[in-house]
file protein02.txt (compact mmCIF, C-alpha atoms)
# COMPACT_ATOMS: atom_id res chain seq x y z
CA MET F 1 15.52 40.96 -14.42
CA THR F 2 15.30 38.73 -11.35
CA VAL F 3 13.61 35.37 -11.83
CA ARG F 4 10.28 35.24 -10.00
CA ILE F 5 9.30 32.18 -7.97
CA VAL F 6 5.77 30.76 -7.82
CA THR F 7 4.48 27.98 -5.60
CA ASP F 8 1.17 26.80 -4.18
CA SER F 9 -0.26 27.01 -0.67
CA THR F 10 0.71 23.42 0.17
CA SER F 11 4.30 24.65 0.57
CA ASP F 12 3.28 25.87 4.05
CA LEU F 13 5.77 28.74 3.97
CA PRO F 14 5.66 31.31 6.77
CA VAL F 15 4.18 34.65 5.68
CA GLU F 16 7.40 36.48 6.49
CA VAL F 17 9.41 34.19 4.19
CA VAL F 18 6.92 34.69 1.34
CA GLN F 19 7.16 38.45 1.79
CA GLU F 20 10.95 38.53 2.13
CA PHE F 21 11.52 36.75 -1.18
CA GLY F 22 8.47 38.04 -3.05
CA ILE F 23 7.21 34.50 -3.67
CA ALA F 24 3.85 34.23 -5.42
CA VAL F 25 1.61 31.65 -3.71
CA VAL F 26 -1.39 30.25 -5.60
CA PRO F 27 -3.94 28.92 -3.07
CA LEU F 28 -5.68 25.56 -3.17
CA HIS F 29 -9.35 25.37 -2.17
CA ILE F 30 -10.90 23.99 1.02
CA HIS F 31 -14.52 22.86 1.00
CA PHE F 32 -16.65 22.54 4.14
CA GLY F 33 -19.88 21.31 2.66
CA GLU F 34 -21.15 24.07 0.35
CA GLU F 35 -18.63 26.59 1.68
CA THR F 36 -15.41 27.09 -0.29
CA PHE F 37 -12.31 28.87 0.97
CA GLU F 38 -8.89 29.73 -0.43
CA ASP F 39 -6.17 28.12 1.66
CA GLY F 40 -4.40 30.80 3.67
CA VAL F 41 -6.39 33.61 2.08
CA THR F 42 -10.06 33.44 3.08
CA ILE F 43 -9.76 31.04 6.01
CA SER F 44 -7.26 31.39 8.84
CA LYS F 45 -5.37 28.43 10.23
CA ASP F 46 -6.98 28.84 13.66
CA THR F 47 -10.46 28.83 12.13
CA PHE F 48 -9.66 25.86 9.94
CA TYR F 49 -8.30 23.66 12.74
CA HIS F 50 -11.22 24.58 15.01
CA ARG F 51 -13.66 23.44 12.34
CA LEU F 52 -11.58 20.35 11.50
CA THR F 53 -11.70 19.14 15.10
CA THR F 54 -15.27 20.11 15.97
CA GLU F 55 -17.33 19.36 12.85
CA SER F 56 -18.46 15.84 12.00
CA ASN F 57 -17.84 16.04 8.24
CA LEU F 58 -14.25 16.34 7.08
CA PRO F 59 -13.40 19.07 4.57
CA LYS F 60 -12.36 18.33 1.00
CA THR F 61 -9.62 19.99 -1.02
CA SER F 62 -9.22 20.90 -4.68
CA ALA F 63 -6.44 22.26 -6.89
CA PRO F 64 -6.34 25.82 -8.20
CA SER F 65 -7.75 26.36 -11.68
CA ALA F 66 -5.47 26.71 -14.69
CA GLY F 67 -6.81 30.25 -14.97
CA ALA F 68 -5.49 31.12 -11.52
CA PHE F 69 -2.00 30.17 -12.68
CA THR F 70 -2.36 32.02 -15.97
CA GLU F 71 -3.37 35.15 -14.09
CA THR F 72 -0.43 34.83 -11.70
CA TYR F 73 2.08 34.26 -14.49
CA GLU F 74 0.76 37.15 -16.56
CA SER F 75 0.95 39.48 -13.56
CA LEU F 76 4.56 38.52 -12.80
CA ALA F 77 5.54 38.73 -16.48
CA ALA F 78 5.11 42.49 -16.25
CA ASP F 79 8.27 42.59 -14.12
CA THR F 80 10.31 39.61 -15.31
CA ASN F 81 10.96 37.45 -18.35
CA GLU F 82 11.63 34.26 -16.35
CA ILE F 83 9.44 32.39 -13.86
CA VAL F 84 10.05 29.14 -11.97
CA SER F 85 6.85 27.53 -10.65
CA ILE F 86 7.42 24.83 -8.02
CA HIS F 87 4.64 22.54 -6.80
CA ILE F 88 3.30 19.69 -4.69
CA SER F 89 3.66 16.11 -5.93
CA SER F 90 1.46 15.42 -8.95
CA LYS F 91 0.57 12.11 -7.28
CA LEU F 92 -1.10 13.98 -4.42
CA SER F 93 -2.79 16.84 -6.24
CA ALA F 94 -3.80 18.11 -9.67
CA THR F 95 -2.05 21.41 -8.89
CA HIS F 96 1.00 20.67 -11.07
CA GLN F 97 -1.26 19.84 -14.02
CA SER F 98 -3.18 23.09 -13.52
CA ALA F 99 0.11 24.99 -13.55
CA LEU F 100 1.11 23.36 -16.84
CA LEU F 101 -2.26 24.19 -18.40
CA GLY F 102 -2.08 27.73 -17.05
CA LYS F 103 1.35 28.19 -18.62
CA GLU F 104 -0.05 27.31 -22.06
CA ASP F 105 -2.48 30.25 -21.96
CA VAL F 106 0.12 32.88 -21.04
CA LYS F 107 0.34 35.44 -23.86
CA SER F 108 3.42 37.23 -22.54
CA ASP F 109 6.87 36.39 -23.90
CA CYS F 110 8.06 34.93 -20.61
CA ARG F 111 9.97 31.72 -19.97
CA ILE F 112 8.11 29.59 -17.40
CA GLU F 113 9.58 26.46 -15.83
CA VAL F 114 6.98 24.29 -14.04
CA ILE F 115 8.43 21.72 -11.63
CA ASP F 116 6.83 18.67 -9.99
CA THR F 117 8.87 18.18 -6.80
CA TRP F 118 7.15 14.96 -5.65
CA GLN F 119 7.11 16.69 -2.27
CA ALA F 120 4.54 18.36 -0.01
CA SER F 121 4.28 20.84 2.85
CA ILE F 122 7.65 22.01 4.14
CA GLY F 123 9.37 19.35 2.03
CA LEU F 124 8.16 21.52 -0.84
CA GLY F 125 8.75 24.68 1.17
CA VAL F 126 12.50 24.18 1.63
CA LEU F 127 12.87 23.69 -2.14
CA VAL F 128 10.94 26.89 -2.84
CA VAL F 129 13.14 28.88 -0.46
CA ARG F 130 16.24 27.37 -2.08
CA ALA F 131 14.97 28.56 -5.47
CA ALA F 132 14.18 32.02 -4.11
CA GLU F 133 17.68 32.36 -2.68
CA MET F 134 19.18 31.40 -6.04
CA ALA F 135 16.96 33.93 -7.82
CA ARG F 136 18.08 36.64 -5.43
CA SER F 137 21.69 35.75 -6.22
CA GLY F 138 21.08 36.26 -9.93
CA ALA F 139 20.67 32.67 -11.17
CA SER F 140 18.72 32.05 -14.37
CA ALA F 141 15.45 30.11 -14.58
CA GLU F 142 17.30 27.26 -16.26
CA GLU F 143 19.89 27.10 -13.48
CA ILE F 144 17.25 27.27 -10.74
CA ALA F 145 15.05 24.60 -12.33
CA ALA F 146 18.00 22.22 -12.75
CA ASP F 147 19.09 22.73 -9.15
CA VAL F 148 15.58 22.27 -7.69
CA LYS F 149 15.04 19.06 -9.68
CA SER F 150 18.34 17.71 -8.38
CA ALA F 151 17.71 18.83 -4.78
CA ALA F 152 14.18 17.35 -4.82
CA LYS F 153 15.73 13.88 -5.10
CA ARG F 154 17.64 14.53 -1.85
CA THR F 155 14.67 16.05 -0.02
CA GLN F 156 12.93 14.23 2.82
CA PHE F 157 9.56 15.00 4.36
CA PHE F 158 8.05 13.02 7.24
CA GLY F 159 6.25 13.51 10.52
CA VAL F 160 4.54 12.03 13.55
CA VAL F 161 0.76 11.95 13.21
CA ASP F 162 -1.78 11.20 15.91
CA THR F 163 -3.83 8.96 13.62
CA LEU F 164 -3.90 7.79 10.01
CA ASP F 165 -7.67 8.31 9.81
CA TYR F 166 -7.39 11.72 8.15
CA LEU F 167 -5.05 10.39 5.45
CA HIS F 168 -7.35 7.44 4.86
CA LYS F 169 -10.60 9.43 4.76
CA GLY F 170 -8.92 11.86 2.39
CA GLY F 171 -8.03 9.00 0.07
CA ARG F 172 -4.27 9.28 0.55
CA ILE F 173 -3.55 5.85 2.10
CA GLY F 174 -5.30 2.49 2.05
CA MET F 175 -7.39 0.76 4.70
CA ALA F 176 -4.70 -1.82 5.53
CA ALA F 177 -2.20 0.84 6.56
CA THR F 178 -4.90 2.68 8.49
CA LEU F 179 -5.83 -0.39 10.52
CA LEU F 180 -2.19 -1.11 11.38
CA GLY F 181 -1.82 2.46 12.54
CA SER F 182 -4.92 2.33 14.73
CA ILE F 183 -3.51 -0.15 17.24
CA ILE F 184 -3.90 1.37 20.68
CA HIS F 185 -1.09 3.74 21.73
CA VAL F 186 0.77 3.30 18.42
CA LYS F 187 1.83 6.58 16.81
CA PRO F 188 2.63 6.42 13.10
CA ILE F 189 5.56 8.17 11.44
CA VAL F 190 4.45 9.01 7.92
CA GLY F 191 6.46 10.29 4.97
CA LEU F 192 6.52 10.40 1.20
CA ARG F 193 7.74 7.61 -1.04
CA ASN F 194 7.85 8.28 -4.79
CA GLY F 195 5.56 11.24 -4.26
CA LEU F 196 2.88 9.34 -2.32
CA ALA F 197 2.03 9.23 1.39
CA HIS F 198 3.49 6.14 3.05
CA PRO F 199 3.65 4.93 6.70
CA ILE F 200 7.35 4.65 7.59
CA GLU F 201 7.24 3.28 11.14
CA ARG F 202 4.79 2.69 13.97
CA VAL F 203 6.09 3.50 17.44
CA ARG F 204 4.35 2.72 20.73
CA GLY F 205 3.63 5.95 22.57
CA ARG F 206 3.93 9.60 21.60
CA ALA F 207 7.16 10.23 23.52
CA LYS F 208 8.94 7.33 21.85
CA ALA F 209 7.62 8.39 18.46
CA LEU F 210 9.13 11.84 18.95
CA ASP F 211 12.40 10.25 20.08
CA ARG F 212 12.47 8.20 16.90
CA PHE F 213 11.56 11.28 14.85
CA CYS F 214 14.64 13.09 16.20
CA GLU F 215 16.84 10.05 15.55
CA MET F 216 15.65 9.94 11.95
CA VAL F 217 16.30 13.65 11.39
CA ALA F 218 19.82 13.37 12.85
CA GLY F 219 20.46 10.26 10.78
CA TYR F 220 20.41 12.20 7.52
CA GLY F 221 23.71 13.83 8.44
CA ALA F 222 24.74 17.03 6.68
CA VAL F 223 21.78 18.98 5.33
CA SER F 224 21.61 22.26 3.46
CA SER F 225 18.10 23.18 4.60
CA VAL F 226 15.79 22.08 7.40
CA ALA F 227 12.29 23.14 8.47
CA LEU F 228 9.84 22.06 11.15
CA ALA F 229 6.07 22.49 11.11
CA TYR F 230 3.06 21.61 13.24
CA THR F 231 -0.67 21.49 12.82
CA THR F 232 -2.10 22.34 16.27
CA ASN F 233 0.59 21.88 18.96
CA LYS F 234 3.20 24.64 18.65
CA GLU F 235 4.72 23.84 22.04
CA GLU F 236 5.65 20.37 20.82
CA MET F 237 7.37 21.81 17.76
CA ASP F 238 9.26 24.32 19.91
CA ALA F 239 10.49 21.48 22.13
CA LEU F 240 11.72 19.62 19.06
CA VAL F 241 13.67 22.70 17.95
CA LEU F 242 15.58 22.60 21.24
CA ARG F 243 16.28 18.89 20.85
CA LEU F 244 17.44 19.24 17.28
CA SER F 245 19.60 22.30 17.96
CA GLN F 246 22.46 19.93 18.81
CA PHE F 247 22.47 18.96 15.14
CA PHE F 248 21.35 22.21 13.49
CA PRO F 249 21.60 25.78 14.83
CA GLY F 250 18.13 26.74 15.96
CA ASN F 251 18.15 29.96 13.93
CA GLN F 252 18.75 27.93 10.76
CA ILE F 253 15.57 25.89 11.19
CA MET F 254 12.60 27.39 9.38
CA LEU F 255 9.46 27.11 11.51
CA SER F 256 5.91 27.03 10.24
CA GLN F 257 2.35 25.85 10.77
CA CYS F 258 0.78 23.54 8.22
CA GLY F 259 -2.03 25.19 6.32
CA ALA F 260 -5.53 23.96 5.68
CA THR F 261 -4.74 21.71 2.71
CA LEU F 262 -2.12 19.58 4.45
CA GLY F 263 -3.96 19.88 7.74
CA THR F 264 -6.96 18.16 6.13
CA TYR F 265 -4.88 15.02 5.64
CA LEU F 266 -2.41 15.17 8.54
CA GLY F 267 -4.95 16.03 11.22
CA PRO F 268 -4.36 17.66 14.62
CA ASN F 269 -1.27 16.99 16.76
CA THR F 270 1.07 16.43 13.85
CA VAL F 271 4.69 17.59 13.74
CA CYS F 272 6.80 17.20 10.62
CA VAL F 273 10.16 18.01 9.10
CA GLY F 274 11.40 18.89 5.64
CA LEU F 275 15.11 18.73 4.87
CA ILE F 276 17.49 18.70 1.92
CA GLN F 277 20.52 16.45 2.23
CA GLU F 278 23.78 17.88 0.98
CA GLU F 279 25.30 16.31 -2.10
CA THR F 280 27.92 13.65 -1.39
call {"tool": "encode", "arguments": {"input": "protein02.txt", "output": "structure tokens"}}
result
Amino acid sequence: MTVRIVTDSTSDLPVEVVQEFGIAVVPLHIHFGEETFEDGVTISKDTFYHRLTTESNLPKTSAPSAGAFTETYESLAADTNEIVSIHISSKLSATHQSALLGKEDVKSDCRIEVIDTWQASIGLGVLVVRAAEMARSGASAEEIAADVKSAAKRTQFFGVVDTLDYLHKGGRIGMAATLLGSIIHVKPIVGLRNGLAHPIERVRGRAKALDRFCEMVAGYGAVSSVALAYTTNKEEMDALVLRLSQFFPGNQIMLSQCGATLGTYLGPNTVCVGLIQEET
């Protein structure tokens, strides 16, 4: 039986990709005051970003319960005896821990591999798609897990944000980095280092920041997977696709919009990339 792939909503995968590969997505929760929503399920991206940019209080996020994972695993175990569950960095969210706890309560005789990628958003997304492609080709859970763990070490995720305030208010970076990023006209490029959010560079002006973003993407050389995503400015992402098509065929770049969980921390007017470098 084909290995089934599970991830969480922070992977920011396009709906059509999820449907094509039959990927099970466990949603995180978004809290606007007393209101709670399931990321990508009970709140749309348009509604989320409207509220994010118009309401004074920022939303909060929380991981899925262990029970949500147990339920997902049990449901999939009816059709398979192997599951690979691939998740956001454990340094950014308790989601990976919930998946491990959920696995313990599964009664079915099903092998479940739970992987901490130390990635987020489409950095996680490209790894999930890689796993789904391997599953479709007939690879075992053991083979997929080993490959994803190896590929995760060669995966890069970074983007241009309008401000570091959202990351700071969400508790993902410190005040010192936030203040350095708030200098007038400076646009931060932020990525992940050892599974944590980290300012990479600060570039004066949006246009120059996007130029530097493209230089950085091209600088990674040969890649096996690449994806671009945005929070609120699709036109900017589309323009980047054209610029990057000289390095990667445009139809090989997966395109997406960041969901509510990552949007809470990245804020509006963010564009980002996830890519897997080829082995050397």
call {"tool": "residues_around", "arguments": {"input": "protein02.txt", "residues": "Ile23 of chain F", "least_positions_apart": "3", "cutoff": "12 Å", "atoms": "only C-alpha atoms", "output": "PyMOL selection string"}}
result
chain F and resi 2-9+11+13-20+26+72-73+76+83-86+125+128-133+135-136
call {"tool": "residues_around", "arguments": {"input": "protein02.txt", "residues": "Leu244 of chain F", "least_positions_apart": "3", "cutoff": "12 Å", "atoms": "only C-alpha atoms", "output": "list in words"}}
result
Leu210, Asp211, Phe213, Cys214, Glu215, Met216, Val217, Ala218, Gly219, Val226, Ala227, Leu228, Met237, Asp238, Ala239, Leu240, Val241, Phe247, Phe248, Pro249, Gly250, Asn251, Gln252, Ile253 and Val273 of chain F
call {"tool": "residues_around", "arguments": {"input": "protein02.txt", "residues": "Asn233 of chain F", "least_positions_apart": "5", "cutoff": "10 Å", "atoms": "all atoms listed in the file", "output": "CSV table (one decimal) with C-alpha atoms, in the frame of the given file"}}
result
chain,number,residue,atom,x,y,z
F,238,ASP,CA,9.3,24.3,19.9
F,257,GLN,CA,2.4,25.8,10.8
F,268,PRO,CA,-4.4,17.7,14.6
F,269,ASN,CA,-1.3,17.0,16.8
F,270,THR,CA,1.1,16.4,13.8
F,271,VAL,CA,4.7,17.6,13.7
call {"tool": "residues_around", "arguments": {"input": "protein02.txt", "residues": "segment 94-111 of chain F", "least_positions_apart": "2", "cutoff": "12 Å", "atoms": "only C-alpha atoms", "output": "PyMOL selection string"}}
result
chain F and resi 1+3-4+6-11+25-29+61-92+113-120+140-142+145+261
call {"tool": "atom_distance", "arguments": {"input": "protein02.txt", "atom1": "atom CA of Val148 of chain F", "atom2": "atom CA of Gly22 of chain F"}}
result
17.9 Å
call {"tool": "residues_around", "arguments": {"input": "protein02.txt", "residues": "Val203 of chain F", "least_positions_apart": "6", "cutoff": "6 Å", "atoms": "all atoms listed in the file", "output": "PyMOL selection string"}}
result
chain F and resi 186-187+209
call {"tool": "decode", "arguments": {"input": "protein02.txt", "residues": "segment 136-266 of chain F", "atoms": "C-alpha atoms", "output": "CSV table (one decimal), in the first residue's frame"}}
result
chain,number,residue,atom,x,y,z
F,136,ARG,CA,3.8,7.9,-5.4
F,137,SER,CA,6.9,6.2,-6.8
F,138,GLY,CA,6.5,3.4,-4.4
F,139,ALA,CA,9.2,4.3,-1.8
F,140,SER,CA,8.8,2.9,1.8
F,141,ALA,CA,8.3,5.0,4.9
F,142,GLU,CA,11.8,4.3,6.0
F,143,GLU,CA,13.2,5.5,2.6
F,144,ILE,CA,11.1,8.6,2.6
F,145,ALA,CA,12.0,9.6,6.1
F,146,ALA,CA,15.7,9.1,5.5
F,147,ASP,CA,15.5,11.2,2.3
F,148,VAL,CA,13.5,14.0,3.9
F,149,LYS,CA,15.9,14.2,6.9
F,150,SER,CA,18.8,14.5,4.5
F,151,ALA,CA,17.1,17.0,2.2
F,152,ALA,CA,16.0,19.2,5.2
F,153,LYS,CA,19.7,19.9,5.9
F,154,ARG,CA,20.0,21.3,2.3
F,155,THR,CA,16.7,23.3,2.5
F,156,GLN,CA,16.7,27.1,2.6
F,157,PHE,CA,13.8,29.3,3.5
F,158,PHE,CA,14.0,33.1,3.6
F,159,GLY,CA,12.0,36.2,2.5
F,160,VAL,CA,11.7,40.0,2.4
F,161,VAL,CA,9.4,41.3,5.1
F,162,ASP,CA,8.1,44.8,5.4
F,163,THR,CA,8.8,45.0,9.1
F,164,LEU,CA,10.1,42.8,11.9
F,165,ASP,CA,7.3,44.0,14.3
F,166,TYR,CA,5.1,41.0,13.6
F,167,LEU,CA,7.9,38.5,14.4
F,168,HIS,CA,8.8,40.4,17.5
F,169,LYS,CA,5.2,40.8,18.8
F,170,GLY,CA,4.7,37.1,18.2
F,171,GLY,CA,7.8,36.3,20.3
F,172,ARG,CA,9.9,34.9,17.4
F,173,ILE,CA,12.8,37.4,17.4
F,174,GLY,CA,14.2,39.7,20.1
F,175,MET,CA,13.9,43.5,20.6
F,176,ALA,CA,17.5,44.2,19.4
F,177,ALA,CA,16.9,42.7,16.0
F,178,THR,CA,13.5,44.5,15.7
F,179,LEU,CA,15.1,47.9,16.4
F,180,LEU,CA,17.8,47.3,13.8
F,181,GLY,CA,15.2,46.4,11.3
F,182,SER,CA,13.0,49.5,12.0
F,183,ILE,CA,15.5,52.0,10.6
F,184,ILE,CA,13.7,54.1,8.1
F,185,HIS,CA,13.5,52.6,4.6
F,186,VAL,CA,15.4,49.5,5.6
F,187,LYS,CA,13.8,46.2,4.5
F,188,PRO,CA,14.9,43.1,6.3
F,189,ILE,CA,15.6,39.7,4.7
F,190,VAL,CA,14.7,37.1,7.3
F,191,GLY,CA,15.3,33.3,7.2
F,192,LEU,CA,15.8,30.3,9.5
F,193,ARG,CA,18.9,29.4,11.3
F,194,ASN,CA,19.0,26.2,13.3
F,195,GLY,CA,15.2,26.1,13.1
F,196,LEU,CA,14.7,29.7,14.5
F,197,ALA,CA,13.8,32.9,12.8
F,198,HIS,CA,16.9,35.1,12.2
F,199,PRO,CA,17.4,38.4,10.3
F,200,ILE,CA,19.9,37.7,7.5
F,201,GLU,CA,20.4,41.1,5.9
F,202,ARG,CA,19.0,44.6,6.0
F,203,VAL,CA,18.7,46.4,2.7
F,204,ARG,CA,17.8,50.0,2.1
F,205,GLY,CA,14.7,50.2,0.0
F,206,ARG,CA,12.2,47.6,-1.2
F,207,ALA,CA,13.5,47.4,-4.7
F,208,LYS,CA,17.1,46.8,-3.6
F,209,ALA,CA,15.8,44.2,-1.1
F,210,LEU,CA,14.1,42.3,-3.9
F,211,ASP,CA,17.2,42.5,-6.0
F,212,ARG,CA,19.2,41.0,-3.2
F,213,PHE,CA,16.6,38.4,-2.7
F,214,CYS,CA,16.9,37.3,-6.3
F,215,GLU,CA,20.7,37.3,-6.0
F,216,MET,CA,20.5,35.0,-3.0
F,217,VAL,CA,18.2,32.6,-4.6
F,218,ALA,CA,20.4,32.4,-7.7
F,219,GLY,CA,23.5,32.0,-5.5
F,220,TYR,CA,22.4,28.5,-4.3
F,221,GLY,CA,23.1,27.1,-7.7
F,222,ALA,CA,21.5,23.8,-8.7
F,223,VAL,CA,18.3,23.1,-6.8
F,224,SER,CA,15.9,20.1,-6.9
F,225,SER,CA,12.9,22.0,-5.8
F,226,VAL,CA,11.9,25.7,-5.5
F,227,ALA,CA,8.7,27.5,-4.3
F,228,LEU,CA,7.7,31.1,-3.9
F,229,ALA,CA,5.0,32.5,-1.7
F,230,TYR,CA,3.5,35.8,-0.6
F,231,THR,CA,1.3,37.1,2.1
F,232,THR,CA,-0.7,40.0,0.5
F,233,ASN,CA,1.0,41.1,-2.7
F,234,LYS,CA,0.6,38.5,-5.4
F,235,GLU,CA,1.7,40.9,-8.2
F,236,GLU,CA,5.1,41.2,-6.5
F,237,MET,CA,5.5,37.4,-6.3
F,238,ASP,CA,4.5,37.1,-10.0
F,239,ALA,CA,7.2,39.6,-10.9
F,240,LEU,CA,9.8,37.6,-9.0
F,241,VAL,CA,8.8,34.5,-10.9
F,242,LEU,CA,9.6,36.3,-14.2
F,243,ARG,CA,13.0,37.4,-12.8
F,244,LEU,CA,13.9,34.0,-11.5
F,245,SER,CA,12.8,32.2,-14.6
F,246,GLN,CA,16.3,32.7,-16.0
F,247,PHE,CA,17.5,30.4,-13.3
F,248,PHE,CA,14.5,28.0,-13.0
F,249,PRO,CA,11.8,27.3,-15.5
F,250,GLY,CA,8.7,29.1,-14.4
F,251,ASN,CA,6.5,26.0,-14.5
F,252,GLN,CA,8.9,24.3,-12.1
F,253,ILE,CA,8.4,26.9,-9.4
F,254,MET,CA,5.6,26.1,-7.0
F,255,LEU,CA,3.5,29.2,-6.1
F,256,SER,CA,1.5,29.7,-3.0
F,257,GLN,CA,0.1,32.2,-0.5
F,258,CYS,CA,1.2,32.0,3.1
F,259,GLY,CA,-1.6,30.9,5.4
F,260,ALA,CA,-2.8,32.5,8.6
F,261,THR,CA,-0.2,30.9,10.9
F,262,LEU,CA,2.9,32.2,9.1
F,263,GLY,CA,1.1,35.3,8.1
F,264,THR,CA,0.7,36.2,11.8
F,265,TYR,CA,4.5,36.4,12.1
F,266,LEU,CA,5.6,37.5,8.6
